[in-house]
Amino acid sequence: MEGEAAKWKLTRPILTKYSPIVLPAAPGERAEDAVRREVIEEVNLVISECTPWETSYCNEYVYGGITYFTNDIIYTCEVSDWDALSVNEPDEAEPVLLKLREIAIDSIGFISIREAVEDLLKQKLKIV
């Protein structure tokens, strides 16, 4: 599955204490299984709980002259052991854990992810 799944890798996980993660599934793979697989592959973390949010987020972006439409399903995940956090690819940037108040909303590129993080901040911190 790894080779097939690699073709479908579009984004990197965003990790915070509450871990909103948006990732695509490979053909035939359930979305929650894709979350677990990608997080292990990318940053060596095992997800113990994976709960979908009650809403999804839509996005539209142009890449290579083609307009893509996405429907992002967001999960809140619990991590079993944060000490295992590391990258598997030597050319990847080191993961950074941020407190919710440290997240710079304006630095998030995809509108749908920015909206999801804004909703998370409203819910958890009553801000934004």
# chains A, B, ... in the order shown; residues from 1 in each chain; ligands from 1
$ residues_around --residues "Val79 of chain A" --least-positions-apart "6" --cutoff "6 Å" --atoms "only C-alpha atoms" --output "VMD selection string"
chain A and resid 46 to 48
$ atom_distance --atom1 "atom CA of Ile111 of chain A" --atom2 "atom CA of Arg37 of chain A"
24.6 Å
$ residues_around --residues "Ile105 of chain A" --least-positions-apart "4" --cutoff "8 Å" --atoms "only C-alpha atoms" --output "JSON, numbers by chain"
{"A": [114, 117, 118]}
$ closest_residue --among "A:Lys122, A:Ser112, A:Asp33, A:Ala104" --to "Ser56 of chain A" --atoms "only C-alpha atoms"
A:Ser112
$ atom_distance --atom1 "atom CA of Ile73 of chain A" --atom2 "atom CA of Val96 of chain A"
22.2 Å
